[in-house]
$ cat target_26.txt   # compact mmCIF, C-alpha atoms
# COMPACT_ATOMS: atom_id res chain seq x y z
CA MET A 13 4.74 136.24 47.65
CA THR A 14 3.18 137.47 50.87
CA SER A 15 2.15 135.68 54.03
CA TRP A 16 -0.74 136.36 56.37
CA LEU A 17 1.93 136.38 59.06
CA ASP A 18 3.58 139.68 59.92
CA ILE A 19 7.17 138.69 59.24
CA ASN A 20 8.51 142.20 58.59
CA ASN A 21 10.36 141.47 55.35
CA SER A 22 12.25 138.64 57.02
CA ARG A 23 14.90 136.84 55.00
CA PHE A 24 13.07 133.71 56.15
CA GLY A 25 9.96 134.50 54.12
CA LEU A 26 7.94 132.37 51.71
CA GLU A 27 10.78 132.33 49.18
CA ALA A 28 13.06 130.48 51.62
CA LEU A 29 11.18 127.98 53.83
CA PRO A 30 14.16 125.95 55.08
CA TYR A 31 13.55 122.69 56.94
CA ALA A 32 14.75 121.60 60.38
CA THR A 33 14.16 118.77 62.81
CA TYR A 34 13.10 120.06 66.21
CA ARG A 35 11.39 119.21 69.48
CA THR A 36 9.88 121.28 72.27
CA SER A 37 10.02 121.20 76.05
CA ALA A 38 6.43 120.00 76.06
CA ASP A 39 7.02 117.15 73.61
CA SER A 40 10.37 115.43 73.03
CA THR A 41 9.22 113.76 69.79
CA PRO A 42 11.33 114.96 66.84
CA ARG A 43 9.25 116.92 64.33
CA LEU A 44 9.77 118.29 60.84
CA GLY A 45 9.72 122.06 60.96
CA VAL A 46 9.77 124.85 58.40
CA ARG A 47 11.03 128.28 59.35
CA ILE A 48 8.90 131.32 58.56
CA GLY A 49 10.21 134.54 60.07
CA ASP A 50 11.03 133.77 63.70
CA LEU A 51 8.53 130.93 63.88
CA VAL A 52 8.70 127.20 63.17
CA LEU A 53 5.79 125.40 61.54
CA ASP A 54 5.04 121.81 62.55
CA VAL A 55 4.67 120.46 59.01
CA ALA A 56 3.11 117.09 59.77
CA ALA A 57 0.45 118.67 61.99
CA ALA A 58 -0.38 121.47 59.55
CA ALA A 59 -0.21 119.52 56.28
CA GLU A 60 -2.34 116.57 57.33
CA GLY A 61 -2.59 115.10 53.85
CA LEU A 62 1.20 114.74 53.67
CA ALA A 63 1.80 113.76 57.29
CA GLY A 64 3.12 110.32 56.36
CA GLN A 65 6.14 111.81 54.61
CA CYS A 66 6.72 114.48 57.27
CA GLU A 67 6.65 112.64 60.58
CA GLY A 68 9.68 112.25 62.83
CA GLY A 69 11.90 114.89 61.28
CA LEU A 70 13.55 115.43 57.91
CA ASP A 71 14.67 111.84 57.24
CA GLY A 72 11.31 110.69 55.90
CA LEU A 73 10.95 113.62 53.54
CA LEU A 74 14.47 113.11 52.18
CA ALA A 75 13.61 109.55 51.20
CA SER A 76 10.32 110.51 49.54
CA GLY A 77 11.83 111.92 46.33
CA PRO A 78 11.47 115.05 44.18
CA GLU A 79 7.72 114.73 43.52
CA VAL A 80 6.89 114.69 47.23
CA TRP A 81 9.48 117.38 47.95
CA ALA A 82 7.63 119.66 45.53
CA GLN A 83 4.21 118.72 46.97
CA VAL A 84 5.24 119.48 50.54
CA ARG A 85 6.83 122.80 49.61
CA ALA A 86 3.76 123.82 47.61
CA GLU A 87 1.42 122.87 50.46
CA VAL A 88 3.47 124.71 53.07
CA THR A 89 3.54 127.77 50.81
CA ARG A 90 -0.26 127.61 50.42
CA LEU A 91 -0.85 127.22 54.14
CA LEU A 92 1.33 130.21 54.97
CA SER A 93 0.09 132.49 52.19
CA ASP A 94 -3.67 131.90 52.06
CA PRO A 95 -5.43 133.98 54.74
CA ALA A 96 -8.18 131.36 54.85
CA CYS A 97 -5.65 128.93 56.39
CA GLU A 98 -4.64 131.13 59.31
CA ALA A 99 -7.04 129.71 61.87
CA GLU A 100 -6.02 126.09 61.23
CA VAL A 101 -2.29 126.78 60.88
CA ARG A 102 -1.55 129.25 63.68
CA PRO A 103 -1.83 126.63 66.48
CA HIS A 104 0.99 124.69 64.80
CA LEU A 105 3.48 127.57 64.85
CA VAL A 106 6.16 127.64 67.55
CA PRO A 107 8.43 130.61 68.40
CA ILE A 108 11.94 129.72 67.29
CA ASP A 109 13.28 130.30 70.80
CA ASP A 110 10.96 127.52 72.03
CA ALA A 111 12.21 125.02 69.44
CA ASP A 112 15.13 122.76 70.32
CA LEU A 113 16.85 122.44 66.94
CA LEU A 114 18.38 118.99 66.44
CA LEU A 115 20.76 117.53 63.88
CA PRO A 116 18.43 118.00 60.89
CA PHE A 117 18.86 114.52 59.38
CA THR A 118 20.64 111.24 60.03
CA VAL A 119 23.99 111.59 58.27
CA ALA A 120 24.77 108.43 56.28
CA ASP A 121 28.12 108.99 54.56
CA TYR A 122 30.13 112.22 54.60
CA VAL A 123 32.46 113.37 51.81
CA ASP A 124 34.46 116.59 51.78
CA PHE A 125 35.69 118.11 48.52
CA TYR A 126 38.31 120.71 47.62
CA ALA A 127 36.33 122.65 45.00
CA SER A 128 37.68 126.22 45.33
CA GLU A 129 40.50 127.07 42.95
CA HIS A 130 41.37 130.11 45.06
CA HIS A 131 41.62 128.08 48.26
CA ALA A 132 43.62 125.29 46.60
CA SER A 133 45.96 127.84 45.01
CA ASN A 134 46.52 129.65 48.31
CA VAL A 135 47.34 126.37 50.06
CA GLY A 136 49.71 125.44 47.24
CA LYS A 137 51.51 128.79 47.45
CA MET A 138 51.97 128.40 51.20
CA PHE A 139 53.16 124.80 51.28
CA ARG A 140 54.71 124.30 47.82
CA PRO A 141 56.22 127.73 47.06
CA ASP A 142 58.65 126.31 44.49
CA SER A 143 55.97 124.40 42.56
CA GLU A 144 52.79 125.18 40.67
CA PRO A 145 50.06 126.12 43.19
CA LEU A 146 47.62 123.50 41.87
CA THR A 147 48.49 119.82 41.73
CA PRO A 148 48.44 118.32 38.20
CA ASN A 149 45.14 116.51 38.79
CA TRP A 150 43.21 119.43 40.30
CA LYS A 151 41.40 120.65 37.16
CA HIS A 152 40.73 117.14 35.88
CA LEU A 153 38.58 115.90 38.77
CA PRO A 154 37.01 117.16 42.00
CA ILE A 155 39.42 116.09 44.72
CA GLY A 156 37.78 114.81 47.90
CA TYR A 157 38.06 112.44 50.83
CA HIS A 158 35.68 110.42 52.97
CA GLY A 159 35.06 111.90 56.40
CA ARG A 160 33.46 110.61 59.59
CA SER A 161 29.67 110.95 59.64
CA GLY A 162 29.47 110.12 63.35
CA THR A 163 31.15 113.40 64.34
CA VAL A 164 28.88 115.65 62.27
CA VAL A 165 27.15 117.81 64.90
CA VAL A 166 24.46 120.46 64.86
CA SER A 167 25.25 124.15 65.19
CA GLY A 168 25.73 125.28 68.77
CA THR A 169 27.54 122.11 69.84
CA ASP A 170 30.81 122.94 71.61
CA VAL A 171 33.97 121.62 69.96
CA VAL A 172 36.68 120.17 72.21
CA ARG A 173 40.18 121.00 71.02
CA PRO A 174 41.57 117.80 69.50
CA THR A 175 44.72 116.07 70.69
CA GLY A 176 47.10 114.19 68.41
CA LEU A 177 50.60 113.75 67.06
CA ARG A 178 52.32 116.76 65.52
CA LYS A 179 55.82 117.46 64.35
CA THR A 180 57.77 120.24 66.12
CA PRO A 181 61.38 121.44 65.90
CA ASP A 182 62.04 119.41 69.05
CA GLY A 183 60.52 116.19 67.74
CA ILE A 184 57.16 114.47 67.61
CA VAL A 185 54.72 115.69 70.26
CA ASP A 186 51.45 114.10 71.36
CA GLY A 187 49.29 116.94 72.62
CA PRO A 188 46.57 119.48 71.90
CA SER A 189 46.47 121.04 68.44
CA ILE A 190 47.88 124.57 68.43
CA ARG A 191 46.85 125.34 64.84
CA LEU A 192 43.11 124.77 65.13
CA ASP A 193 41.20 126.16 62.18
CA ILE A 194 37.83 126.54 60.50
CA GLU A 195 36.66 125.81 56.98
CA ALA A 196 33.65 127.79 55.76
CA GLU A 197 31.81 125.40 53.46
CA LEU A 198 28.50 124.53 51.86
CA GLY A 199 27.01 121.09 52.48
CA PHE A 200 24.77 119.29 49.99
CA VAL A 201 22.15 116.92 51.42
CA VAL A 202 21.26 113.80 49.45
CA GLY A 203 17.68 112.62 49.53
CA VAL A 204 17.06 109.69 47.22
CA GLY A 205 19.84 107.10 47.10
CA SER A 206 21.21 105.16 44.12
CA GLU A 207 22.17 101.56 43.32
CA MET A 208 25.71 100.27 43.44
CA ALA A 209 27.41 100.07 40.02
CA HIS A 210 25.05 102.77 38.67
CA PRO A 211 26.88 106.12 38.54
CA VAL A 212 24.69 109.22 38.79
CA PRO A 213 25.04 111.39 35.66
CA LEU A 214 25.22 115.17 35.80
CA ALA A 215 21.72 115.59 34.41
CA GLU A 216 20.19 113.60 37.29
CA ALA A 217 21.78 115.50 40.17
CA ALA A 218 18.54 117.29 41.09
CA ASP A 219 16.80 113.92 41.45
CA HIS A 220 19.11 113.17 44.37
CA ILE A 221 20.19 116.47 45.95
CA PHE A 222 17.47 117.73 48.30
CA GLY A 223 19.09 120.95 49.47
CA ILE A 224 21.98 122.76 51.09
CA THR A 225 23.20 123.54 54.58
CA LEU A 226 26.00 125.68 55.96
CA LEU A 227 28.97 123.67 57.21
CA ASN A 228 32.15 124.30 59.21
CA ASP A 229 34.71 121.52 58.82
CA TRP A 230 36.94 122.24 61.82
CA SER A 231 40.57 121.37 61.03
CA ALA A 232 43.63 120.71 63.18
CA ARG A 233 46.26 121.87 60.72
CA ASP A 234 49.27 120.64 62.70
CA ILE A 235 47.86 117.14 63.22
CA GLN A 236 46.84 117.03 59.56
CA ALA A 237 50.28 118.17 58.36
CA TRP A 238 52.04 115.24 60.06
CA GLU A 239 49.54 112.51 59.20
CA TYR A 240 48.32 113.29 55.69
CA VAL A 241 51.24 111.87 53.65
CA PRO A 242 50.62 109.56 51.85
CA LEU A 243 46.88 108.92 52.38
CA GLY A 244 45.37 112.30 53.19
CA PRO A 245 43.26 113.82 56.01
CA PHE A 246 42.32 111.64 58.98
CA LEU A 247 42.41 112.68 62.66
CA GLY A 248 43.07 116.30 61.78
CA LYS A 249 39.55 116.49 60.34
CA SER A 250 37.41 113.80 61.96
CA PHE A 251 36.93 115.22 65.47
CA ALA A 252 34.02 117.52 64.54
CA THR A 253 32.13 118.91 61.56
CA SER A 254 29.35 121.39 62.36
CA ILE A 255 26.27 121.93 60.20
CA SER A 256 23.38 124.36 60.40
CA PRO A 257 20.08 123.00 61.72
CA TRP A 258 18.44 124.46 58.60
CA VAL A 259 18.39 122.71 55.21
CA LEU A 260 17.33 125.00 52.36
CA PRO A 261 15.75 123.10 49.43
CA LEU A 262 17.24 123.48 45.98
CA ALA A 263 13.80 124.73 44.93
CA ALA A 264 14.49 127.94 46.87
CA LEU A 265 17.66 128.63 44.90
CA GLU A 266 16.46 129.10 41.32
CA ALA A 267 17.30 132.82 41.44
CA ALA A 268 20.74 132.04 42.87
CA ARG A 269 21.92 129.90 39.95
CA VAL A 270 24.80 131.37 37.95
CA ARG A 271 27.30 129.96 35.49
CA PRO A 272 30.43 128.50 37.08
CA PRO A 273 33.89 129.88 36.25
CA GLU A 274 35.20 129.03 32.79
CA ARG A 275 37.02 125.70 32.65
CA ASP A 276 40.36 125.76 30.83
CA VAL A 277 41.10 122.02 30.91
CA PRO A 278 39.04 119.49 28.88
CA LEU A 279 36.97 117.23 31.14
CA ALA A 280 36.21 113.52 31.04
CA GLY A 281 32.76 112.76 29.66
CA TYR A 282 31.06 112.11 32.98
CA LEU A 283 32.23 115.53 34.26
CA ASP A 284 31.70 117.49 31.03
CA ASP A 285 28.67 119.73 31.55
CA SER A 286 29.18 121.90 28.45
CA ALA A 287 26.12 120.44 26.71
CA LEU A 288 23.92 121.07 29.76
CA GLU A 289 23.21 124.25 31.69
CA PRO A 290 25.91 124.11 34.37
CA TRP A 291 25.10 125.99 37.52
CA ALA A 292 26.97 127.40 40.44
CA LEU A 293 25.28 129.27 43.29
CA ASP A 294 25.52 132.98 44.02
CA LEU A 295 25.78 132.76 47.80
CA ALA A 296 27.34 135.42 50.01
CA LEU A 297 28.88 134.01 53.20
CA GLU A 298 30.03 135.86 56.29
CA VAL A 299 32.45 134.42 58.84
CA ARG A 300 32.54 135.93 62.31
CA LEU A 301 35.05 135.15 65.04
CA ASN A 302 33.87 136.31 68.48
CA GLY A 303 31.48 138.66 66.70
CA SER A 304 34.13 140.21 64.42
CA LEU A 305 33.53 139.89 60.68
CA VAL A 306 36.74 138.30 59.40
CA ALA A 307 35.81 137.01 55.94
CA GLU A 308 33.14 137.24 53.23
CA PRO A 309 33.62 134.21 50.97
CA PRO A 310 31.65 134.17 47.67
CA TYR A 311 30.37 130.73 46.66
CA ALA A 312 29.93 131.73 42.99
CA THR A 313 33.69 131.49 42.46
CA MET A 314 33.81 127.73 43.17
CA TYR A 315 35.38 125.83 40.25
CA TRP A 316 33.58 122.49 40.65
CA THR A 317 29.78 122.34 40.77
CA ALA A 318 27.52 120.21 42.96
CA PRO A 319 26.43 117.97 40.03
CA GLN A 320 30.10 117.37 39.16
CA MET A 321 30.95 116.49 42.75
CA LEU A 322 28.00 114.10 42.92
CA ALA A 323 28.89 112.51 39.56
CA HIS A 324 32.47 112.00 40.70
CA MET A 325 31.36 110.49 44.03
CA THR A 326 29.51 107.76 42.14
CA ALA A 327 31.71 107.46 39.02
CA ASN A 328 33.27 104.21 40.24
CA GLY A 329 29.88 102.68 41.00
CA ALA A 330 29.66 103.78 44.64
CA SER A 331 26.06 104.10 45.79
CA LEU A 332 24.28 107.02 47.43
CA ARG A 333 22.23 106.62 50.60
CA VAL A 334 19.44 108.72 52.03
CA GLY A 335 21.10 111.33 54.22
CA ASP A 336 24.49 111.37 52.49
CA LEU A 337 26.26 114.67 53.01
CA PHE A 338 28.93 116.06 50.70
CA ALA A 339 30.66 119.37 51.25
CA SER A 340 32.30 121.86 48.94
CA GLY A 341 35.55 122.29 50.80
CA THR A 342 36.72 125.71 51.93
CA ILE A 343 35.03 128.56 50.07
CA SER A 344 37.54 131.28 49.20
CA GLY A 345 37.45 134.13 46.71
CA PRO A 346 40.24 136.00 44.96
CA GLU A 347 40.55 138.81 47.54
CA PRO A 348 42.26 138.53 50.96
CA GLY A 349 39.03 139.32 52.78
CA GLN A 350 37.25 136.47 51.00
CA ARG A 351 39.30 133.60 52.43
CA GLY A 352 37.26 130.96 54.22
CA SER A 353 39.92 129.61 56.60
CA LEU A 354 42.21 131.09 59.23
CA LEU A 355 45.08 129.28 57.52
CA GLU A 356 44.62 131.63 54.58
CA LEU A 357 43.58 134.73 56.55
CA SER A 358 46.78 134.53 58.64
CA TRP A 359 48.83 133.08 55.78
CA SER A 360 49.76 130.00 57.81
CA GLY A 361 50.31 132.08 60.94
CA ALA A 362 52.76 134.55 59.39
CA GLU A 363 50.25 137.43 59.24
CA PRO A 364 48.15 137.72 62.44
CA PHE A 365 44.86 139.60 62.04
CA LYS A 366 43.02 141.83 64.51
CA LEU A 367 39.54 141.32 65.94
CA ASP A 368 37.18 144.15 66.91
CA ASP A 369 38.22 143.92 70.57
CA GLY A 370 41.87 144.55 69.61
CA SER A 371 43.04 140.97 70.16
CA MET A 372 45.09 139.22 67.49
CA ARG A 373 44.58 135.79 65.98
CA THR A 374 46.35 133.35 63.73
CA PHE A 375 44.47 130.18 64.75
CA LEU A 376 41.67 129.49 67.23
CA GLU A 377 42.09 129.94 70.98
CA ASP A 378 40.07 128.22 73.69
CA GLY A 379 36.77 130.05 74.18
CA ASP A 380 36.64 131.39 70.63
CA GLU A 381 33.26 131.18 68.92
CA VAL A 382 32.88 131.03 65.14
CA THR A 383 29.61 131.77 63.34
CA ILE A 384 29.04 131.39 59.60
CA THR A 385 25.97 132.83 57.88
CA ALA A 386 24.94 133.15 54.24
CA THR A 387 22.32 134.70 51.99
CA ALA A 388 21.17 134.09 48.42
CA PRO A 389 19.20 136.15 45.87
CA ALA A 390 15.42 135.85 46.23
CA PRO A 391 13.21 135.27 43.17
CA GLY A 392 11.52 138.67 43.39
CA GLY A 393 14.56 140.66 44.46
CA GLY A 394 16.08 141.02 47.88
CA ARG A 395 17.75 138.08 49.59
CA ILE A 396 16.88 134.93 51.51
CA ALA A 397 18.88 133.49 54.40
CA LEU A 398 20.37 130.03 54.88
CA GLY A 399 20.56 130.24 58.66
CA GLU A 400 23.82 129.90 60.53
CA VAL A 401 26.32 127.40 61.85
CA SER A 402 28.27 128.18 65.00
CA GLY A 403 30.54 126.49 67.49
CA ARG A 404 32.73 127.38 70.49
CA ILE A 405 36.14 125.90 71.25
CA LEU A 406 36.60 124.15 74.60
CA PRO A 407 40.01 123.19 76.04
CA ALA A 408 41.49 119.83 75.13
CA LYS A 409 40.84 116.92 77.47
CA GLU A 410 43.70 114.97 79.01
CA ARG A 411 44.15 111.45 77.76
CA ALA A 412 42.98 108.74 80.15

$ encode --input "target_26.txt" --output "structure tokens"
Amino acid sequence: MTSWLDINNSRFGLEALPYATYRTSADSTPRLGVRIGDLVLDVAAAAEGLAGQCEGGLDGLLASGPEVWAQVRAEVTRLLSDPACEAEVRPHLVPIDDADLLLPFTVADYVDFYASEHHASNVGKMFRPDSEPLTPNWKHLPIGYHGRSGTVVVSGTDVVRPTGLRKTPDGIVDGPSIRLDIEAELGFVVGVGSEMAHPVPLAEAADHIFGITLLNDWSARDIQAWEYVPLGPFLGKSFATSISPWVLPLAALEAARVRPPERDVPLAGYLDDSALEPWALDLALEVRLNGSLVAEPPYATMYWTAPQMLAHMTANGASLRVGDLFASGTISGPEPGQRGSLLELSWSGAEPFKLDDGSMRTFLEDGDEVTITATAPAPGGGRIALGEVSGRILPAKERA
């Protein structure tokens, strides 16, 4: 597909069209935007017939359901591809540098999974060297935990180093985390909710999942290590989770669908996708620390799929809400350069790695900036972009 805009083969072409919520210096009202090249289209203003579902940002569109999602995407595609629309559409385009990109949607609940076999195996080898790398339940169900939606922040928000209790050789210390880490993840954005006591089956996942966003689940490994037994992650995870301002619809990812890895353990009926067409996503991520490329995690290697994670979230009758966010957990591949956390890249601090400026890292230092980007195959060849999620570490604050 081609646009009447000169977008120079941008990876934000007509095949992508990710959504954001933005405002401008001239008007502080949140608006629903679609990215095309280095421009943002004011959807409600341009697509007048669908303005009711597109006003005020992404929240309204999420709640509208798959039929409206498809209508809005088709109309935006028409407006940006038909030369006859240029005169009416061009006034509603804003340079991306003039758009203040906000948290793209109101996050309802937040769940983080642990869906990468390679990541889970690496963690097991580090912390349980005398046991099997995977816990006995790992291949029977997607392991996850409920996070804190109130500390999900948009890309570009600074992250203050968290303070908490950690165990040291000299005793228990209350102070700043010294093993501050990243987790390169993919977030799935729920549009339409569900009723309590009505689990969502695998085949209906696309009726609820609107799209994807890049996510960095910052982790204080030392705080987490002391607190997580017996109930799991808490303060070591809840201080900040960064997401991209861009949400790419599932409709843009048809060419990215691939079969997930072969499962070698029989699954319970609600997780068994063998009679369907199970799909993973062929996404190529890049993780940069202070500009240095430190990892290239491949999402296609993830063991558990998005429909399985969604089915498991609701298997006990828990309901979905508009704006629910669930994340994949750290994305790691089989090779050392494909590990999506510093914990793995430095092998729990035992193997420091070098940045382009010659400095060494095991975990994050104050002032460090992490940026995660990703691309996916485009329908006609080439690749489309997901945007980016970034954040910079600020020093810990003293307790009052």

$ residues_around --input "target_26.txt" --residues "Arg275 of chain A" --least-positions-apart "3" --cutoff "12 Å" --atoms "all atoms listed in the file" --output "list in words"
Glu129, Trp150, Lys151, His152, Leu153, Arg271, Pro272, Pro278, Leu279, Leu283, Asp284, Asp285, Ser286, Pro290, Thr313, Met314, Tyr315, Trp316 and Thr317 of chain A

$ closest_residue --input "target_26.txt" --among "A:Ala362, A:Val259, A:Ala209, A:Leu354" --to "Trp230 of chain A" --atoms "all atoms listed in the file"
A:Leu354

$ residues_around --input "target_26.txt" --residues "Asp234 of chain A" --least-positions-apart "6" --cutoff "9 Å" --atoms "all atoms listed in the file" --output "JSON, numbers by chain"
{"A": [176, 177, 178, 179, 189, 190, 191, 192, 248]}

$ residues_around --input "target_26.txt" --residues "Ser15 of chain A" --least-positions-apart "3" --cutoff "8 Å" --atoms "all atoms listed in the file" --output "list in words"
Asp18, Ile19, Gly25, Leu26, Leu92, Ser93, Asp94 and Pro95 of chain A

$ closest_residue --input "target_26.txt" --among "A:Arg90, A:Arg233, A:Arg411, A:His158" --to "Thr14 of chain A" --atoms "all atoms listed in the file"
A:Arg90

$ closest_residue --input "target_26.txt" --among "A:Val119, A:Ile48, A:Cys97, A:Leu406" --to "Ser22 of chain A" --atoms "all atoms listed in the file"
A:Ile48

$ closest_residue --input "target_26.txt" --among "A:Ala38, A:Ile255, A:Ala120, A:Ala28" --to "Ala196 of chain A" --atoms "all atoms listed in the file"
A:Ile255

$ residues_around --input "target_26.txt" --residues "Gly393 of chain A" --least-positions-apart "3" --cutoff "9 Å" --atoms "all atoms listed in the file" --output "list in words"
Ala267, Pro389 and Ala390 of chain A

$ write_last_selection --input "target_26.txt" --atoms "C-alpha atoms" --output "PDB file, in the frame of the given file"
ATOM      1  CA  ALA A 267      17.300 132.820  41.440  1.00  0.00           C
ATOM      2  CA  PRO A 389      19.200 136.150  45.870  1.00  0.00           C
ATOM      3  CA  ALA A 390      15.420 135.850  46.230  1.00  0.00           C
TER       4      ALA A 390
END

$ closest_residue --input "target_26.txt" --among "A:Arg85, A:Arg351, A:Arg23, A:Arg102" --to "Val52 of chain A" --atoms "all atoms listed in the file"
A:Arg102

$ atom_distance --input "target_26.txt" --atom1 "atom CA of Val277 of chain A" --atom2 "atom CA of Ser360 of chain A"
29.4 Å

$ atom_distance --input "target_26.txt" --atom1 "atom CA of Ala86 of chain A" --atom2 "atom CA of Ala57 of chain A"
15.6 Å

$ closest_residue --input "target_26.txt" --among "A:Trp16, A:Asp112, A:Leu51, A:Pro348" --to "Gly168 of chain A" --atoms "all atoms listed in the file"
A:Asp112

$ atom_distance --input "target_26.txt" --atom1 "atom CA of Ser371 of chain A" --atom2 "atom CA of Asp229 of chain A"
24.0 Å

$ residues_around --input "target_26.txt" --residues "segment 325-340 of chain A" --least-positions-apart "4" --cutoff "9 Å" --atoms "all atoms listed in the file" --output "number ranges by chain"
A: 71, 74-75, 117-128, 154, 156, 161, 197-213, 220, 227, 229, 282, 314, 316-318, 320-321

$ residues_near_point --input "target_26.txt" --point "(33.6, 133.4, 52.6)" --cutoff "8 Å" --atoms "only C-alpha atoms" --output "ChimeraX atom specification"
/A:196,296-299,307-311,343-345,350-352
